[in-house]
Amino acid sequence: MSQHRHPGAPGRAGAVPALPDLPEATVARLPEYLRALHNLADGGHETVSSEGLSAAAGVNSAKLRKDLSHLGSYGTRGVGYDVALLIEQIEYVLGLTQRRAVALVGVGNLGHALAGYDGFASRGFRIAALLDADPSRVGEEINGLIVRHVDELPAIAVQESIAIGVIATPAAAAQSVADQLVAVGVTSILNFAPCVLSVPEGVDVRKVDLAIELQILSFHEHRKASLTALPGGLAATETQEAIGT
């Protein structure tokens, strides 16, 4: 088979890990491929064509083939990709074979929902600690974990080997929490608070702002409504002016 296991990937005993230098856009798409592959595996599929995988992941097939070529995966003509092997390769590149420990800070409505989500475990993550500054929250049990005070973060970070911090606090508290996470050695942060964090070089922050996503969808709704106004409406007039008619 023409698929190749990347040097250092699981199954190569004693090999030195050597990750490919992937474009950021490719890294952003790998989780989509992984989700689609897991669904295919759950459905009993052992192989999948690039067209089938691209459709399942919602990505152009040529782009998918280029992305997977960075991993050394080219598939087999007439057969496609080995689903189990491709899952293994992508999980290795994404570092999901290590079950990274996550500390979630802020257990309000959003944090409570995140803490109760069972999908993290199947995606390679372990929610190891729930923390909050509100004394009324401390001691609450969520999904088998007891909420602890954020002041305990330094001890918890060592005990649980925290790799990633998730901030689900109000915006006013987010920077302080980020500073605390950085101080205990956390260098990867997922921020749900509606604000921009200032962090030292070497600390990676991913921002999830639901309001921004809704505003982008609102733009698309506005655009579709403008298009349906053609011909004769304001949109038609503006279009005619733009093309000089």
# chains A, B, ... in the order shown; residues from 1 in each chain; ligands from 1
>>> select_by_dssp(residues="range 115-245 of chain A", states="helix (DSSP H, G or I)", output="ChimeraX atom specification")
/A:115,119-122,150-160,171-183,210-228,234-242
>>> closest_atom_pairs(of="range 40-122 of chain A", to="range 192-200 of chain A", cutoff="12 Å", atoms="only C-alpha atoms", output="tab-separated table")
residue	atom	partner	partner_atom	distance
A:Leu104	CA	A:Phe192	CA	10.7
A:Val105	CA	A:Phe192	CA	10.4
A:Gly106	CA	A:Ala193	CA	9.8
A:Val107	CA	A:Phe192	CA	11.8
A:Gly108	CA	A:Ala193	CA	11.6
A:Asn109	CA	A:Phe192	CA	12.0
A:Leu110	CA	A:Phe192	CA	8.7
A:Gly111	CA	A:Phe192	CA	9.1
A:Leu114	CA	A:Phe192	CA	10.6
>>> write_last_selection(atoms="all heavy atoms", output="mmCIF file, in the first residue's frame")
data_model
loop_
_atom_site.group_PDB
_atom_site.id
_atom_site.type_symbol
_atom_site.label_atom_id
_atom_site.label_comp_id
_atom_site.auth_asym_id
_atom_site.auth_seq_id
_atom_site.Cartn_x
_atom_site.Cartn_y
_atom_site.Cartn_z
ATOM 1 N N LEU A 104 -10.138 23.754 33.293
ATOM 2 C CA LEU A 104 -11.200 24.668 32.887
ATOM 3 C C LEU A 104 -11.435 25.681 34.003
ATOM 4 O O LEU A 104 -11.782 25.301 35.125
ATOM 5 C CB LEU A 104 -12.490 23.889 32.598
ATOM 6 C CG LEU A 104 -13.771 24.687 32.360
ATOM 7 C CD1 LEU A 104 -13.632 25.602 31.156
ATOM 8 C CD2 LEU A 104 -14.950 23.744 32.167
ATOM 9 N N VAL A 105 -11.233 26.945 33.695
ATOM 10 C CA VAL A 105 -11.392 28.009 34.692
ATOM 11 C C VAL A 105 -12.641 28.816 34.357
ATOM 12 O O VAL A 105 -12.745 29.399 33.279
ATOM 13 C CB VAL A 105 -10.163 28.935 34.736
ATOM 14 C CG1 VAL A 105 -10.314 29.951 35.865
ATOM 15 C CG2 VAL A 105 -8.884 28.126 34.914
ATOM 16 N N GLY A 106 -13.592 28.826 35.306
ATOM 17 C CA GLY A 106 -14.861 29.523 35.102
ATOM 18 C C GLY A 106 -15.978 28.531 34.843
ATOM 19 O O GLY A 106 -16.050 27.969 33.754
ATOM 20 N N VAL A 107 -16.803 28.293 35.850
ATOM 21 C CA VAL A 107 -17.873 27.302 35.689
ATOM 22 C C VAL A 107 -19.245 27.959 35.801
ATOM 23 O O VAL A 107 -20.137 27.469 36.485
ATOM 24 C CB VAL A 107 -17.733 26.134 36.697
ATOM 25 C CG1 VAL A 107 -16.540 25.279 36.351
ATOM 26 C CG2 VAL A 107 -17.628 26.626 38.138
ATOM 27 N N GLY A 108 -19.384 29.095 35.111
ATOM 28 C CA GLY A 108 -20.703 29.693 34.963
ATOM 29 C C GLY A 108 -21.508 28.872 33.969
ATOM 30 O O GLY A 108 -21.254 27.679 33.787
ATOM 31 N N ASN A 109 -22.438 29.498 33.303
ATOM 32 C CA ASN A 109 -23.304 28.751 32.380
ATOM 33 C C ASN A 109 -22.511 28.047 31.281
ATOM 34 O O ASN A 109 -22.694 26.850 31.027
ATOM 35 C CB ASN A 109 -24.332 29.690 31.748
ATOM 36 C CG ASN A 109 -25.353 30.175 32.753
ATOM 37 O OD1 ASN A 109 -25.597 29.525 33.768
ATOM 38 N ND2 ASN A 109 -25.953 31.334 32.496
ATOM 39 N N LEU A 110 -21.605 28.787 30.616
ATOM 40 C CA LEU A 110 -20.821 28.204 29.541
ATOM 41 C C LEU A 110 -19.835 27.171 30.079
ATOM 42 O O LEU A 110 -19.718 26.065 29.554
ATOM 43 C CB LEU A 110 -20.066 29.290 28.771
ATOM 44 C CG LEU A 110 -19.136 28.802 27.659
ATOM 45 C CD1 LEU A 110 -19.899 27.981 26.620
ATOM 46 C CD2 LEU A 110 -18.421 29.979 26.997
ATOM 47 N N GLY A 111 -19.130 27.527 31.141
ATOM 48 C CA GLY A 111 -18.161 26.612 31.716
ATOM 49 C C GLY A 111 -18.807 25.334 32.213
ATOM 50 O O GLY A 111 -18.253 24.242 32.070
ATOM 51 N N LEU A 114 -19.432 23.169 29.227
ATOM 52 C CA LEU A 114 -18.193 22.578 28.737
ATOM 53 C C LEU A 114 -17.731 21.452 29.661
ATOM 54 O O LEU A 114 -17.269 20.404 29.203
ATOM 55 C CB LEU A 114 -17.099 23.649 28.648
ATOM 56 C CG LEU A 114 -17.285 24.732 27.582
ATOM 57 C CD1 LEU A 114 -16.249 25.840 27.763
ATOM 58 C CD2 LEU A 114 -17.177 24.135 26.183
#
>>> select_by_dssp(residues="range 41-222 of chain A", states="strand (DSSP E)", output="MDAnalysis selection string")
chainID A and resid 47:48 81:82 100:105 125:132 141:142 145:149 162:167 188:191 204:207
>>> residues_around(residues="Pro20 in chain A", least_positions_apart="5", cutoff="8 Å", atoms="only C-alpha atoms", output="MDAnalysis selection string")
chainID A and resid 70:71 93
>>> write_last_selection(atoms="all heavy atoms", output="compact mmCIF listing (two decimals), in the first residue's frame")
# COMPACT_ATOMS: atom_id res chain seq x y z
N HIS A 70 1.14 16.01 3.06
CA HIS A 70 2.10 16.52 4.05
C HIS A 70 2.39 15.48 5.12
O HIS A 70 3.43 15.53 5.77
CB HIS A 70 1.55 17.79 4.71
CG HIS A 70 1.51 18.99 3.81
ND1 HIS A 70 2.64 19.53 3.24
CD2 HIS A 70 0.48 19.76 3.41
CE1 HIS A 70 2.30 20.58 2.52
NE2 HIS A 70 1.00 20.75 2.59
N LEU A 71 1.43 14.57 5.34
CA LEU A 71 1.61 13.53 6.36
C LEU A 71 2.29 12.30 5.78
O LEU A 71 2.54 11.33 6.50
CB LEU A 71 0.26 13.12 6.94
CG LEU A 71 -0.68 14.23 7.43
CD1 LEU A 71 -1.91 13.61 8.08
CD2 LEU A 71 0.03 15.16 8.38
N VAL A 93 0.08 13.36 14.66
CA VAL A 93 0.51 14.71 14.31
C VAL A 93 -0.14 15.76 15.22
O VAL A 93 0.51 16.73 15.63
CB VAL A 93 0.18 15.01 12.83
CG1 VAL A 93 0.37 16.49 12.50
CG2 VAL A 93 1.05 14.16 11.92
>>> residues_around(residues="range 125-131 of chain A", least_positions_apart="6", cutoff="9 Å", atoms="only C-alpha atoms", output="PyMOL selection string")
chain A and resi 96+98-107+111+115+119+137-138+142+145-153+156-157+160-162
>>> write_last_selection(atoms="N, CA and C atoms", output="PDB file, in the first residue's frame")
ATOM      1  N   LEU A  96      -2.598  13.767  19.870  1.00  0.00           N
ATOM      2  CA  LEU A  96      -3.762  13.293  20.615  1.00  0.00           C
ATOM      3  C   LEU A  96      -3.559  11.923  21.236  1.00  0.00           C
ATOM      4  N   GLN A  98      -1.565  11.403  23.638  1.00  0.00           N
ATOM      5  CA  GLN A  98      -1.054  11.610  24.988  1.00  0.00           C
ATOM      6  C   GLN A  98      -2.127  11.926  26.024  1.00  0.00           C
ATOM      7  N   ARG A  99      -3.387  12.030  25.604  1.00  0.00           N
ATOM      8  CA  ARG A  99      -4.482  12.342  26.535  1.00  0.00           C
ATOM      9  C   ARG A  99      -4.132  13.569  27.377  1.00  0.00           C
ATOM     10  N   ARG A 100      -4.016  14.703  26.758  1.00  0.00           N
ATOM     11  CA  ARG A 100      -3.576  15.923  27.429  1.00  0.00           C
ATOM     12  C   ARG A 100      -4.577  16.376  28.490  1.00  0.00           C
ATOM     13  N   ALA A 101      -4.037  16.789  29.618  1.00  0.00           N
ATOM     14  CA  ALA A 101      -4.859  17.235  30.743  1.00  0.00           C
ATOM     15  C   ALA A 101      -5.239  18.700  30.570  1.00  0.00           C
ATOM     16  N   VAL A 102      -6.510  18.997  30.829  1.00  0.00           N
ATOM     17  CA  VAL A 102      -7.056  20.336  30.628  1.00  0.00           C
ATOM     18  C   VAL A 102      -7.604  20.881  31.947  1.00  0.00           C
ATOM     19  N   ALA A 103      -7.298  22.140  32.219  1.00  0.00           N
ATOM     20  CA  ALA A 103      -7.898  22.833  33.362  1.00  0.00           C
ATOM     21  C   ALA A 103      -8.902  23.846  32.830  1.00  0.00           C
ATOM     22  N   LEU A 104     -10.138  23.754  33.293  1.00  0.00           N
ATOM     23  CA  LEU A 104     -11.200  24.668  32.887  1.00  0.00           C
ATOM     24  C   LEU A 104     -11.435  25.681  34.003  1.00  0.00           C
ATOM     25  N   VAL A 105     -11.233  26.945  33.695  1.00  0.00           N
ATOM     26  CA  VAL A 105     -11.392  28.009  34.692  1.00  0.00           C
ATOM     27  C   VAL A 105     -12.641  28.816  34.357  1.00  0.00           C
ATOM     28  N   GLY A 106     -13.592  28.826  35.306  1.00  0.00           N
ATOM     29  CA  GLY A 106     -14.861  29.523  35.102  1.00  0.00           C
ATOM     30  C   GLY A 106     -15.978  28.531  34.843  1.00  0.00           C
ATOM     31  N   VAL A 107     -16.803  28.293  35.850  1.00  0.00           N
ATOM     32  CA  VAL A 107     -17.873  27.302  35.689  1.00  0.00           C
ATOM     33  C   VAL A 107     -19.245  27.959  35.801  1.00  0.00           C
ATOM     34  N   GLY A 111     -19.130  27.527  31.141  1.00  0.00           N
ATOM     35  CA  GLY A 111     -18.161  26.612  31.716  1.00  0.00           C
ATOM     36  C   GLY A 111     -18.807  25.334  32.213  1.00  0.00           C
ATOM     37  N   ALA A 115     -17.865  21.658  30.956  1.00  0.00           N
ATOM     38  CA  ALA A 115     -17.432  20.653  31.925  1.00  0.00           C
ATOM     39  C   ALA A 115     -18.252  19.372  31.805  1.00  0.00           C
ATOM     40  N   GLY A 119     -17.618  14.579  25.103  1.00  0.00           N
ATOM     41  CA  GLY A 119     -16.882  14.356  23.867  1.00  0.00           C
ATOM     42  C   GLY A 119     -15.390  14.597  23.956  1.00  0.00           C
ATOM     43  N   ARG A 137     -19.417  28.588  44.023  1.00  0.00           N
ATOM     44  CA  ARG A 137     -19.217  27.528  43.031  1.00  0.00           C
ATOM     45  C   ARG A 137     -18.279  26.440  43.547  1.00  0.00           C
ATOM     46  N   VAL A 138     -17.347  26.846  44.399  1.00  0.00           N
ATOM     47  CA  VAL A 138     -16.342  25.909  44.894  1.00  0.00           C
ATOM     48  C   VAL A 138     -17.014  24.798  45.698  1.00  0.00           C
ATOM     49  N   ILE A 142     -19.377  18.508  39.156  1.00  0.00           N
ATOM     50  CA  ILE A 142     -19.832  18.530  37.770  1.00  0.00           C
ATOM     51  C   ILE A 142     -19.164  17.377  37.034  1.00  0.00           C
ATOM     52  N   LEU A 145     -16.256  15.738  38.776  1.00  0.00           N
ATOM     53  CA  LEU A 145     -15.158  16.557  39.271  1.00  0.00           C
ATOM     54  C   LEU A 145     -15.675  17.614  40.247  1.00  0.00           C
ATOM     55  N   ILE A 146     -14.907  17.869  41.284  1.00  0.00           N
ATOM     56  CA  ILE A 146     -15.261  18.896  42.256  1.00  0.00           C
ATOM     57  C   ILE A 146     -14.621  20.213  41.848  1.00  0.00           C
ATOM     58  N   VAL A 147     -15.415  21.279  41.833  1.00  0.00           N
ATOM     59  CA  VAL A 147     -14.896  22.598  41.498  1.00  0.00           C
ATOM     60  C   VAL A 147     -14.000  23.081  42.638  1.00  0.00           C
ATOM     61  N   ARG A 148     -12.791  23.515  42.293  1.00  0.00           N
ATOM     62  CA  ARG A 148     -11.837  24.003  43.283  1.00  0.00           C
ATOM     63  C   ARG A 148     -11.563  25.481  43.057  1.00  0.00           C
ATOM     64  N   HIS A 149     -11.057  26.147  44.091  1.00  0.00           N
ATOM     65  CA  HIS A 149     -10.800  27.582  43.968  1.00  0.00           C
ATOM     66  C   HIS A 149      -9.607  27.808  43.054  1.00  0.00           C
ATOM     67  N   VAL A 150      -9.678  28.863  42.251  1.00  0.00           N
ATOM     68  CA  VAL A 150      -8.634  29.142  41.277  1.00  0.00           C
ATOM     69  C   VAL A 150      -7.279  29.357  41.948  1.00  0.00           C
ATOM     70  N   ASP A 151      -7.270  29.742  43.222  1.00  0.00           N
ATOM     71  CA  ASP A 151      -6.002  29.912  43.931  1.00  0.00           C
ATOM     72  C   ASP A 151      -5.236  28.596  44.067  1.00  0.00           C
ATOM     73  N   GLU A 152      -5.914  27.476  43.873  1.00  0.00           N
ATOM     74  CA  GLU A 152      -5.258  26.171  43.960  1.00  0.00           C
ATOM     75  C   GLU A 152      -4.585  25.769  42.645  1.00  0.00           C
ATOM     76  N   LEU A 153      -4.660  26.632  41.639  1.00  0.00           N
ATOM     77  CA  LEU A 153      -4.128  26.301  40.324  1.00  0.00           C
ATOM     78  C   LEU A 153      -2.664  25.862  40.348  1.00  0.00           C
ATOM     79  N   ILE A 156      -2.511  22.275  41.501  1.00  0.00           N
ATOM     80  CA  ILE A 156      -3.219  21.396  40.564  1.00  0.00           C
ATOM     81  C   ILE A 156      -2.424  21.211  39.282  1.00  0.00           C
ATOM     82  N   ALA A 157      -1.817  22.286  38.801  1.00  0.00           N
ATOM     83  CA  ALA A 157      -1.037  22.209  37.559  1.00  0.00           C
ATOM     84  C   ALA A 157       0.073  21.181  37.667  1.00  0.00           C
ATOM     85  N   GLU A 160      -1.658  17.412  38.245  1.00  0.00           N
ATOM     86  CA  GLU A 160      -2.360  16.865  37.085  1.00  0.00           C
ATOM     87  C   GLU A 160      -1.598  17.025  35.774  1.00  0.00           C
ATOM     88  N   SER A 161      -0.424  17.651  35.836  1.00  0.00           N
ATOM     89  CA  SER A 161       0.362  17.905  34.615  1.00  0.00           C
ATOM     90  C   SER A 161      -0.497  18.613  33.565  1.00  0.00           C
ATOM     91  N   ILE A 162      -1.068  19.739  33.956  1.00  0.00           N
ATOM     92  CA  ILE A 162      -1.966  20.482  33.078  1.00  0.00           C
ATOM     93  C   ILE A 162      -1.219  20.955  31.836  1.00  0.00           C
TER      94      ILE A 162
END
>>> residues_around(residues="Pro31 in chain A", least_positions_apart="6", cutoff="10 Å", atoms="only C-alpha atoms", output="list in words")
Leu37, Ala57, Ile90, Glu91, Leu94 and Arg123 of chain A
>>> closest_residue(among="A:Asp209, A:Glu46, A:Asp67, A:Asp21", to="Ala171 in chain A", atoms="only C-alpha atoms")
A:Asp209
>>> closest_residue(among="A:Asn191, A:Thr228, A:Gln180, A:Ser136", to="Leu210 in chain A", atoms="only C-alpha atoms")
A:Asn191
